[in-house]
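In what follows, a structure is listed as structure tokens, so that the remarks can point back to it.
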Amino acid sequence: GGFHPRLAAIESEADIIGFDADPEECARLNAAAKPGSRHINYAIGRENEKVTLELHKKAKTSSLYKTDVERVSHFYDAERFLPAGEISFTTRSLDSVAASERIGRIDYLKVDVEGHELAVLEGCAQPFLFAEIEVYFHPFRQGACSFDAIMKHMRERGFMLIDLRRNFWSPRRTREVR
């Protein structure tokens, strides 16, 4: 959907770059981009990893990790995770893309890739100042990394947790969920 409105305050002073594996979505985002921001058509992760994206009824929930249908069935709006196809591609590391696109330095890194966040971080050896990373506490994507794995990786890089923004996705009836 593009960049978060909270970045509007720094748009005139920053080069804001997003990545999208879908060439059509990337073109749509670039057509709507403001000066100083752009999207580049790459699937970011580990270098040269072959992956398959499970497309969902609601595109924003699509993931490289299969949805645990039994787990999500207890939550509101679970039908948004219904499969709607697949697409395969090869990922590039953030380091290799930064080199080929002449991206000199990353100050702020936002990673929201529906469970593949650790792969993106592992493909970025260059230093950065801040990171905003989506994490999962509830294992509803089979094989996706958890909060613990991401925090271990970030601590090993010398980062500390400054803030945790909580988003809730509550079960319909908590007594049904163990």
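How things are named: the first chain in the structure tokens is A, the next is B, and so on; residues count from 1 in each chain; ligands count from 1 in the order shown.
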Worksheet item: Can you list, as a PyMOL selection string, every residue of stretch 81-125 of chain A that DSSP puts in strand (DSSP E or B)?
Response: chain A and resi 83-90+92+108-111
With only C-alpha atoms as the counted atoms, please give the residues lying no more than 6 Å from A:Ala131, apart from itself and same-chain residues fewer than 2 positions off, as a PDB file with N, CA and C atoms, in the first residue's frame.
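result08.pdb written:
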```
ATOM      1  N   TYR A 108      17.272   3.742   8.359  1.00  0.00           N
ATOM      2  CA  TYR A 108      16.048   3.197   8.940  1.00  0.00           C
ATOM      3  C   TYR A 108      15.570   2.060   8.048  1.00  0.00           C
ATOM      4  N   LEU A 109      15.347   0.905   8.641  1.00  0.00           N
ATOM      5  CA  LEU A 109      14.919  -0.267   7.883  1.00  0.00           C
ATOM      6  C   LEU A 109      13.591  -0.759   8.441  1.00  0.00           C
ATOM      7  N   LYS A 110      12.571  -0.783   7.595  1.00  0.00           N
ATOM      8  CA  LYS A 110      11.271  -1.330   7.992  1.00  0.00           C
ATOM      9  C   LYS A 110      11.077  -2.628   7.239  1.00  0.00           C
TER      10      LYS A 110
END
```
As a PDB file with N, CA and C atoms, in the first residue's frame, please: every residue in stretch 50-130 of chain A that DSSP puts in alpha helix (DSSP H).
```pdb
ATOM      1  N   VAL A  69      -4.316 -23.238   8.845  1.00  0.00           N
ATOM      2  CA  VAL A  69      -5.749 -22.969   8.739  1.00  0.00           C
ATOM      3  C   VAL A  69      -6.478 -23.290  10.043  1.00  0.00           C
ATOM      4  N   GLU A  70      -6.088 -24.346  10.723  1.00  0.00           N
ATOM      5  CA  GLU A  70      -6.734 -24.712  11.994  1.00  0.00           C
ATOM      6  C   GLU A  70      -6.551 -23.595  13.025  1.00  0.00           C
ATOM      7  N   ARG A  71      -5.366 -23.059  13.138  1.00  0.00           N
ATOM      8  CA  ARG A  71      -5.124 -21.978  14.118  1.00  0.00           C
ATOM      9  C   ARG A  71      -5.917 -20.718  13.782  1.00  0.00           C
ATOM     10  N   VAL A  72      -5.869 -20.281  12.516  1.00  0.00           N
ATOM     11  CA  VAL A  72      -6.547 -19.029  12.179  1.00  0.00           C
ATOM     12  C   VAL A  72      -8.059 -19.160  12.181  1.00  0.00           C
ATOM     13  N   LEU A  94      19.432  -7.873   0.585  1.00  0.00           N
ATOM     14  CA  LEU A  94      19.385  -6.415   0.638  1.00  0.00           C
ATOM     15  C   LEU A  94      20.764  -5.839   0.326  1.00  0.00           C
ATOM     16  N   ASP A  95      21.817  -6.503   0.779  1.00  0.00           N
ATOM     17  CA  ASP A  95      23.174  -6.034   0.485  1.00  0.00           C
ATOM     18  C   ASP A  95      23.453  -6.022  -1.019  1.00  0.00           C
ATOM     19  N   SER A  96      23.078  -7.083  -1.735  1.00  0.00           N
ATOM     20  CA  SER A  96      23.366  -7.122  -3.174  1.00  0.00           C
ATOM     21  C   SER A  96      22.507  -6.114  -3.943  1.00  0.00           C
ATOM     22  N   VAL A  97      21.260  -5.943  -3.509  1.00  0.00           N
ATOM     23  CA  VAL A  97      20.401  -4.949  -4.155  1.00  0.00           C
ATOM     24  C   VAL A  97      20.925  -3.544  -3.883  1.00  0.00           C
ATOM     25  N   ALA A  98      21.347  -3.282  -2.660  1.00  0.00           N
ATOM     26  CA  ALA A  98      21.893  -1.959  -2.329  1.00  0.00           C
ATOM     27  C   ALA A  98      23.119  -1.660  -3.190  1.00  0.00           C
ATOM     28  N   ALA A  99      23.960  -2.658  -3.400  1.00  0.00           N
ATOM     29  CA  ALA A  99      25.151  -2.461  -4.238  1.00  0.00           C
ATOM     30  C   ALA A  99      24.749  -2.203  -5.694  1.00  0.00           C
ATOM     31  N   SER A 100      23.842  -3.009  -6.236  1.00  0.00           N
ATOM     32  CA  SER A 100      23.475  -2.841  -7.650  1.00  0.00           C
ATOM     33  C   SER A 100      22.656  -1.582  -7.907  1.00  0.00           C
ATOM     34  N   GLU A 117      10.832 -12.072   7.704  1.00  0.00           N
ATOM     35  CA  GLU A 117      11.645 -10.962   8.209  1.00  0.00           C
ATOM     36  C   GLU A 117      13.087 -11.373   8.523  1.00  0.00           C
ATOM     37  N   LEU A 118      13.273 -12.542   9.133  1.00  0.00           N
ATOM     38  CA  LEU A 118      14.625 -12.966   9.492  1.00  0.00           C
ATOM     39  C   LEU A 118      15.492 -13.152   8.254  1.00  0.00           C
ATOM     40  N   ALA A 119      14.940 -13.678   7.185  1.00  0.00           N
ATOM     41  CA  ALA A 119      15.699 -13.849   5.939  1.00  0.00           C
ATOM     42  C   ALA A 119      16.153 -12.497   5.389  1.00  0.00           C
ATOM     43  N   VAL A 120      15.303 -11.490   5.470  1.00  0.00           N
ATOM     44  CA  VAL A 120      15.674 -10.146   5.015  1.00  0.00           C
ATOM     45  C   VAL A 120      16.827  -9.616   5.863  1.00  0.00           C
ATOM     46  N   LEU A 121      16.717  -9.764   7.170  1.00  0.00           N
ATOM     47  CA  LEU A 121      17.766  -9.280   8.075  1.00  0.00           C
ATOM     48  C   LEU A 121      19.077 -10.027   7.870  1.00  0.00           C
ATOM     49  N   GLU A 122      19.000 -11.324   7.612  1.00  0.00           N
ATOM     50  CA  GLU A 122      20.215 -12.112   7.379  1.00  0.00           C
ATOM     51  C   GLU A 122      20.892 -11.717   6.066  1.00  0.00           C
TER      52      GLU A 122
END
```
Worksheet, complete the sentence: atom CA of A:Glu132 to atom CA of A:Val51 measures 23.5 Å
Fill in: Shell of 12 Å around stretch 29-43 of chain A, only C-alpha atoms, local chain residues under 5 positions omitted, as a PyMOL selection string
chain A and resi 1-5+7-8+10-24+48-53+64+87-94+96-98+100-101+103+113+116-117+119-120+123
Sorted per-residue table, stretch 6-63 of chain A near stretch 138-147 of chain A, closest atoms and distance, 12 Å, only C-alpha atoms, as a tab-separated table:
```
residue	atom	partner	partner_atom	distance
A:Glu54	CA	A:Arg141	CA	11.0
A:Thr61	CA	A:Arg141	CA	10.6
A:Ser62	CA	A:Arg141	CA	10.5
A:Ser63	CA	A:Arg141	CA	8.3
```
Take the selection from the previous step and output its residues with C-alpha atoms, as a PDB file, in the first residue's frame.
```
ATOM      1  CA  GLU A  54       1.092 -18.298  -1.246  1.00  0.00           C
ATOM      2  CA  THR A  61      -1.725 -11.289   3.997  1.00  0.00           C
ATOM      3  CA  SER A  62       0.025 -13.346   1.270  1.00  0.00           C
ATOM      4  CA  SER A  63       3.142 -15.083   2.561  1.00  0.00           C
TER       5      SER A  63
END
```
